[in-house]
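Q: Below is the file coords.txt, which contains compact mmCIF, C-alpha atoms.
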# COMPACT_ATOMS: atom_id res chain seq x y z
CA MET A 8 0.00 0.00 0.00
CA ASP A 9 1.50 3.37 -0.90
CA GLN A 10 1.97 6.14 1.64
CA GLY A 11 -1.04 8.12 0.40
CA ALA A 12 -3.48 5.22 0.24
CA VAL A 13 -4.71 5.39 3.82
CA GLU A 14 -6.26 8.67 4.94
CA PRO A 15 -5.46 9.31 8.65
CA SER A 16 -7.92 10.53 11.25
CA ASN A 17 -6.99 10.50 15.01
CA ILE A 18 -3.25 10.00 15.45
CA VAL A 19 -1.63 8.58 18.62
CA LEU A 20 1.99 7.83 19.46
CA ASP A 21 4.12 5.54 21.55
CA ALA A 22 7.90 5.57 21.95
CA ASN A 23 8.59 4.16 18.47
CA ARG A 24 5.49 4.25 16.29
CA VAL A 25 2.62 6.40 15.05
CA TYR A 26 -0.88 4.82 14.94
CA TRP A 27 -4.10 6.04 13.35
CA GLY A 28 -7.55 5.03 12.28
CA SER A 29 -8.55 5.75 8.72
CA GLY A 30 -11.52 6.67 6.62
CA GLN A 31 -10.93 3.38 4.80
CA GLY A 32 -11.81 1.40 7.94
CA VAL A 33 -8.33 0.14 8.90
CA ILE A 34 -5.93 0.77 11.78
CA VAL A 35 -2.45 1.66 10.58
CA SER A 36 1.01 1.95 12.15
CA VAL A 37 4.33 3.33 10.90
CA LEU A 38 7.71 3.81 12.56
CA LYS A 39 8.43 7.38 13.65
CA THR A 40 11.64 7.18 11.65
CA GLY A 41 9.65 6.38 8.50
CA GLY A 42 9.14 3.31 6.39
CA GLY A 43 6.19 1.30 5.20
CA GLN A 44 2.76 1.31 6.77
CA LEU A 45 1.60 -1.73 8.74
CA ILE A 46 -2.13 -2.44 8.53
CA LEU A 47 -2.95 -3.83 11.99
CA ALA A 48 -6.69 -4.53 11.78
CA ASN A 49 -10.04 -3.32 10.55
CA GLY A 50 -11.30 -0.47 12.66
CA ARG A 51 -12.75 3.01 12.63
CA ALA A 52 -11.49 6.50 13.39
CA SER A 53 -10.51 6.77 17.07
CA VAL A 54 -7.56 4.74 18.32
CA ALA A 55 -5.76 4.48 21.66
CA VAL A 56 -2.57 2.63 22.63
CA ASP A 57 -1.14 1.14 25.79
CA ASP A 58 2.12 -0.77 26.26
CA ASN A 59 0.98 -3.82 24.26
CA TYR A 60 -2.19 -3.09 22.29
CA VAL A 61 -3.93 -0.73 19.90
CA TYR A 62 -7.63 -0.17 20.69
CA SER A 63 -10.23 0.93 18.13
CA PHE A 64 -13.91 0.97 17.34
CA SER A 65 -15.26 -1.60 14.90
CA LEU A 66 -18.73 -2.67 13.75
CA LEU A 67 -20.55 -5.87 14.64
CA ARG A 68 -21.64 -7.17 11.26
CA SER A 69 -24.85 -8.63 12.65
CA SER A 70 -26.18 -5.37 14.08
CA SER A 71 -23.97 -2.53 12.76
CA LYS A 72 -23.39 -1.57 16.41
CA ALA A 73 -19.95 -0.54 17.67
CA VAL A 74 -17.52 -2.59 19.70
CA VAL A 75 -14.07 -1.79 21.02
CA ASN A 76 -11.44 -4.24 19.82
CA ARG A 77 -7.76 -4.46 20.58
CA VAL A 78 -4.95 -5.85 18.46
CA SER A 79 -1.34 -6.48 19.37
CA LYS A 80 1.01 -3.70 18.26
CA ALA A 81 2.74 -6.38 16.17
CA GLY A 82 -0.53 -7.21 14.39
CA GLY A 83 -2.60 -10.38 14.49
CA ALA A 84 -6.22 -11.19 15.15
CA PRO A 85 -8.25 -8.50 16.95
CA GLU A 86 -9.89 -9.33 20.28
CA LEU A 87 -13.26 -8.04 21.46
CA VAL A 88 -12.92 -5.82 24.54
CA VAL A 89 -16.46 -4.45 24.99
CA ALA A 90 -19.67 -3.96 23.01
CA THR A 91 -20.79 -0.33 23.29
CA GLY A 92 -24.34 -0.78 22.04
CA ARG A 93 -24.10 2.38 19.90
CA TYR A 94 -23.59 3.08 16.25
CA ILE A 95 -20.18 4.27 15.11
CA SER A 96 -21.55 7.70 14.21
CA GLU A 97 -22.58 8.18 17.87
CA LEU A 98 -19.11 7.41 19.25
CA GLY A 99 -16.38 9.92 19.92
CA SER A 100 -12.91 9.28 21.30
CA LEU A 101 -11.05 6.39 22.91
CA ALA A 102 -8.37 6.70 25.59
CA VAL A 103 -6.48 4.15 27.65
CA ASP A 104 -4.19 4.23 30.65
CA ALA A 105 -2.53 1.52 32.73
CA ARG A 106 -5.79 0.65 34.51
CA SER A 107 -8.78 1.57 32.32
CA LEU A 108 -10.23 2.08 28.87
CA TYR A 109 -12.43 5.14 28.28
CA TRP A 110 -14.72 6.13 25.42
CA VAL A 111 -17.22 8.84 24.65
CA GLU A 112 -20.70 8.22 23.27
CA GLN A 113 -22.42 11.11 21.56
CA PRO A 114 -26.01 11.65 22.62
CA GLU A 115 -29.09 10.86 20.64
CA GLY A 116 -31.48 13.75 20.70
CA PRO A 117 -31.40 17.49 20.19
CA PRO A 118 -28.17 19.44 19.71
CA GLY A 119 -26.58 20.31 23.02
CA SER A 120 -27.46 16.99 24.68
CA LEU A 121 -24.73 15.85 27.06
CA SER A 122 -22.20 13.27 25.90
CA ARG A 123 -21.42 10.29 28.11
CA VAL A 124 -17.98 9.04 29.08
CA TYR A 125 -17.64 5.33 29.84
CA LYS A 126 -14.87 3.61 31.74
CA LEU A 127 -13.93 -0.08 31.64
CA VAL A 128 -11.45 -1.13 34.31
CA LYS A 129 -8.83 -3.41 32.76
CA LEU A 130 -8.95 -6.23 35.30
CA ASP A 131 -8.12 -9.00 32.87
CA LEU A 132 -7.07 -7.10 29.77
Give the structure from this file in structure tokens form.
A:
Amino acid sequence: MDQGAVEPSNIVLDANRVYWGSGQGVIVSVLKTGGGQLILANGRASVAVDDNYVYSFSLLRSSSKAVVNRVSKAGGAPELVVATGRYISELGSLAVDARSLYWVEQPEGPPGSLSRVYKLVKLDL
């Protein structure tokens, strides 16, 4: 895949790599020093990273509802972390720290409705 083929949206960093979600529905990584892009998994827009994983939103094919998946920074099969119960268009950002995963769900309803922030404690993640 050439450097311009994946359109970035939401960029996050770790010590060595840059990660982003794309409008093409994939999660991408590249070394900070340059080089080829690594397609890690299918996913949408917002991404977050911890020491071992890249987290992103994805769609359940059966219901078109959003889930949060994680994939190893080296690539491989994605793992389901949590089903959000919302559509992708109603989801905002992801963030992760050593203990928890956080995401924002946009409200349904009139403009100005309050967004909700959810937290999943990483007991076994």
Q: Excluding segment 25-36 of chain A and its own-chain neighbours fewer than 3 positions away, which residues fall within 10 Å of it when counting only C-alpha atoms? Please give them as a PyMOL selection string.
A: chain A and resi 12-22+39-41+43-56+61-66+78+80-82
Q: Keeping C-alpha atoms, export the residues of the selection given above as a PDB file, in the coordinates of the input.
A:
ATOM      1  CA  ALA A  12      -3.480   5.220   0.240  1.00  0.00           C
ATOM      2  CA  VAL A  13      -4.710   5.390   3.820  1.00  0.00           C
ATOM      3  CA  GLU A  14      -6.260   8.670   4.940  1.00  0.00           C
ATOM      4  CA  PRO A  15      -5.460   9.310   8.650  1.00  0.00           C
ATOM      5  CA  SER A  16      -7.920  10.530  11.250  1.00  0.00           C
ATOM      6  CA  ASN A  17      -6.990  10.500  15.010  1.00  0.00           C
ATOM      7  CA  ILE A  18      -3.250  10.000  15.450  1.00  0.00           C
ATOM      8  CA  VAL A  19      -1.630   8.580  18.620  1.00  0.00           C
ATOM      9  CA  LEU A  20       1.990   7.830  19.460  1.00  0.00           C
ATOM     10  CA  ASP A  21       4.120   5.540  21.550  1.00  0.00           C
ATOM     11  CA  ALA A  22       7.900   5.570  21.950  1.00  0.00           C
ATOM     12  CA  LYS A  39       8.430   7.380  13.650  1.00  0.00           C
ATOM     13  CA  THR A  40      11.640   7.180  11.650  1.00  0.00           C
ATOM     14  CA  GLY A  41       9.650   6.380   8.500  1.00  0.00           C
ATOM     15  CA  GLY A  43       6.190   1.300   5.200  1.00  0.00           C
ATOM     16  CA  GLN A  44       2.760   1.310   6.770  1.00  0.00           C
ATOM     17  CA  LEU A  45       1.600  -1.730   8.740  1.00  0.00           C
ATOM     18  CA  ILE A  46      -2.130  -2.440   8.530  1.00  0.00           C
ATOM     19  CA  LEU A  47      -2.950  -3.830  11.990  1.00  0.00           C
ATOM     20  CA  ALA A  48      -6.690  -4.530  11.780  1.00  0.00           C
ATOM     21  CA  ASN A  49     -10.040  -3.320  10.550  1.00  0.00           C
ATOM     22  CA  GLY A  50     -11.300  -0.470  12.660  1.00  0.00           C
ATOM     23  CA  ARG A  51     -12.750   3.010  12.630  1.00  0.00           C
ATOM     24  CA  ALA A  52     -11.490   6.500  13.390  1.00  0.00           C
ATOM     25  CA  SER A  53     -10.510   6.770  17.070  1.00  0.00           C
ATOM     26  CA  VAL A  54      -7.560   4.740  18.320  1.00  0.00           C
ATOM     27  CA  ALA A  55      -5.760   4.480  21.660  1.00  0.00           C
ATOM     28  CA  VAL A  56      -2.570   2.630  22.630  1.00  0.00           C
ATOM     29  CA  VAL A  61      -3.930  -0.730  19.900  1.00  0.00           C
ATOM     30  CA  TYR A  62      -7.630  -0.170  20.690  1.00  0.00           C
ATOM     31  CA  SER A  63     -10.230   0.930  18.130  1.00  0.00           C
ATOM     32  CA  PHE A  64     -13.910   0.970  17.340  1.00  0.00           C
ATOM     33  CA  SER A  65     -15.260  -1.600  14.900  1.00  0.00           C
ATOM     34  CA  LEU A  66     -18.730  -2.670  13.750  1.00  0.00           C
ATOM     35  CA  VAL A  78      -4.950  -5.850  18.460  1.00  0.00           C
ATOM     36  CA  LYS A  80       1.010  -3.700  18.260  1.00  0.00           C
ATOM     37  CA  ALA A  81       2.740  -6.380  16.170  1.00  0.00           C
ATOM     38  CA  GLY A  82      -0.530  -7.210  14.390  1.00  0.00           C
TER      39      GLY A  82
END
Q: Residues near Ser79 of chain A, anyone? I mean within 7 Å using all atoms listed in the file, not counting same-chain ones fewer than 4 positions away, as a VMD selection string.
A: chain A and resid 59 to 61 83
Q: Would you compute the distance between atom CA of Leu67 of chain A and atom CA of Val124 of chain A? Give it in Å to one decimal.
A: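 Taking atom CA of Leu67 of chain A as the start and atom CA of Val124 of chain A as the end point, the length is 20.9 Å.
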Q: I'd like the interatomic distance between atom CA of Lys126 of chain A and atom CA of Val111 of chain A, to a tenth of an Å.
A: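 Interatomic distance here is 9.1 Å.
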Q: Between A:Ala90, A:Gly42, A:Leu127, A:Asn23, which one has atoms that come closest to Ser107 of chain A, using all atoms listed in the file?
A: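 Closest to Ser107 of chain A, using all atoms listed in the file: A:Leu127.
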Q: Could you write segment 59-74 of chain A as a PDB file, in the coordinates of the input, with N, CA, C and O atoms rebuilt where they are missing?
A:
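Full text of selection-v6.pdb as output:
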ATOM      1  N   ASN A  59       1.006  -2.631  25.115  1.00  0.00           N
ATOM      2  CA  ASN A  59       0.980  -3.820  24.260  1.00  0.00           C
ATOM      3  C   ASN A  59      -0.022  -3.798  23.126  1.00  0.00           C
ATOM      4  O   ASN A  59       0.132  -4.544  22.163  1.00  0.00           O
ATOM      5  N   TYR A  60      -1.072  -2.988  23.219  1.00  0.00           N
ATOM      6  CA  TYR A  60      -2.190  -3.090  22.290  1.00  0.00           C
ATOM      7  C   TYR A  60      -2.588  -1.745  21.676  1.00  0.00           C
ATOM      8  O   TYR A  60      -2.348  -0.689  22.256  1.00  0.00           O
ATOM      9  N   VAL A  61      -3.265  -1.855  20.541  1.00  0.00           N
ATOM     10  CA  VAL A  61      -3.930  -0.730  19.900  1.00  0.00           C
ATOM     11  C   VAL A  61      -5.424  -1.004  19.982  1.00  0.00           C
ATOM     12  O   VAL A  61      -5.886  -2.081  19.601  1.00  0.00           O
ATOM     13  N   TYR A  62      -6.184  -0.047  20.513  1.00  0.00           N
ATOM     14  CA  TYR A  62      -7.630  -0.170  20.690  1.00  0.00           C
ATOM     15  C   TYR A  62      -8.330   0.671  19.630  1.00  0.00           C
ATOM     16  O   TYR A  62      -7.876   1.760  19.304  1.00  0.00           O
ATOM     17  N   SER A  63      -9.464   0.164  19.128  1.00  0.00           N
ATOM     18  CA  SER A  63     -10.230   0.930  18.130  1.00  0.00           C
ATOM     19  C   SER A  63     -11.676   0.480  18.133  1.00  0.00           C
ATOM     20  O   SER A  63     -12.011  -0.591  18.625  1.00  0.00           O
ATOM     21  N   PHE A  64     -12.512   1.338  17.553  1.00  0.00           N
ATOM     22  CA  PHE A  64     -13.910   0.970  17.340  1.00  0.00           C
ATOM     23  C   PHE A  64     -14.009   0.115  16.079  1.00  0.00           C
ATOM     24  O   PHE A  64     -13.265   0.303  15.124  1.00  0.00           O
ATOM     25  N   SER A  65     -14.951  -0.797  16.071  1.00  0.00           N
ATOM     26  CA  SER A  65     -15.260  -1.600  14.900  1.00  0.00           C
ATOM     27  C   SER A  65     -16.766  -1.859  14.922  1.00  0.00           C
ATOM     28  O   SER A  65     -17.432  -1.573  15.914  1.00  0.00           O
ATOM     29  N   LEU A  66     -17.297  -2.386  13.832  1.00  0.00           N
ATOM     30  CA  LEU A  66     -18.730  -2.670  13.750  1.00  0.00           C
ATOM     31  C   LEU A  66     -19.001  -4.154  13.884  1.00  0.00           C
ATOM     32  O   LEU A  66     -18.296  -4.972  13.292  1.00  0.00           O
ATOM     33  N   LEU A  67     -20.037  -4.502  14.650  1.00  0.00           N
ATOM     34  CA  LEU A  67     -20.550  -5.870  14.640  1.00  0.00           C
ATOM     35  C   LEU A  67     -21.333  -6.041  13.349  1.00  0.00           C
ATOM     36  O   LEU A  67     -22.260  -5.274  13.084  1.00  0.00           O
ATOM     37  N   ARG A  68     -20.963  -6.987  12.553  1.00  0.00           N
ATOM     38  CA  ARG A  68     -21.640  -7.170  11.260  1.00  0.00           C
ATOM     39  C   ARG A  68     -23.123  -7.486  11.419  1.00  0.00           C
ATOM     40  O   ARG A  68     -23.943  -7.063  10.637  1.00  0.00           O
ATOM     41  N   SER A  69     -23.465  -8.200  12.468  1.00  0.00           N
ATOM     42  CA  SER A  69     -24.850  -8.630  12.650  1.00  0.00           C
ATOM     43  C   SER A  69     -25.799  -7.476  12.985  1.00  0.00           C
ATOM     44  O   SER A  69     -26.975  -7.526  12.649  1.00  0.00           O
ATOM     45  N   SER A  70     -25.291  -6.431  13.636  1.00  0.00           N
ATOM     46  CA  SER A  70     -26.180  -5.370  14.080  1.00  0.00           C
ATOM     47  C   SER A  70     -25.738  -3.967  13.680  1.00  0.00           C
ATOM     48  O   SER A  70     -26.447  -3.005  13.932  1.00  0.00           O
ATOM     49  N   SER A  71     -24.564  -3.833  13.086  1.00  0.00           N
ATOM     50  CA  SER A  71     -23.970  -2.530  12.760  1.00  0.00           C
ATOM     51  C   SER A  71     -23.749  -1.674  13.999  1.00  0.00           C
ATOM     52  O   SER A  71     -23.641  -0.467  13.908  1.00  0.00           O
ATOM     53  N   LYS A  72     -23.688  -2.288  15.174  1.00  0.00           N
ATOM     54  CA  LYS A  72     -23.390  -1.570  16.410  1.00  0.00           C
ATOM     55  C   LYS A  72     -21.883  -1.622  16.662  1.00  0.00           C
ATOM     56  O   LYS A  72     -21.190  -2.522  16.216  1.00  0.00           O
ATOM     57  N   ALA A  73     -21.388  -0.670  17.428  1.00  0.00           N
ATOM     58  CA  ALA A  73     -19.950  -0.540  17.670  1.00  0.00           C
ATOM     59  C   ALA A  73     -19.469  -1.424  18.803  1.00  0.00           C
ATOM     60  O   ALA A  73     -20.173  -1.645  19.781  1.00  0.00           O
ATOM     61  N   VAL A  74     -18.241  -1.888  18.648  1.00  0.00           N
ATOM     62  CA  VAL A  74     -17.520  -2.590  19.700  1.00  0.00           C
ATOM     63  C   VAL A  74     -16.134  -1.952  19.794  1.00  0.00           C
ATOM     64  O   VAL A  74     -15.684  -1.283  18.868  1.00  0.00           O
TER      65      VAL A  74
END
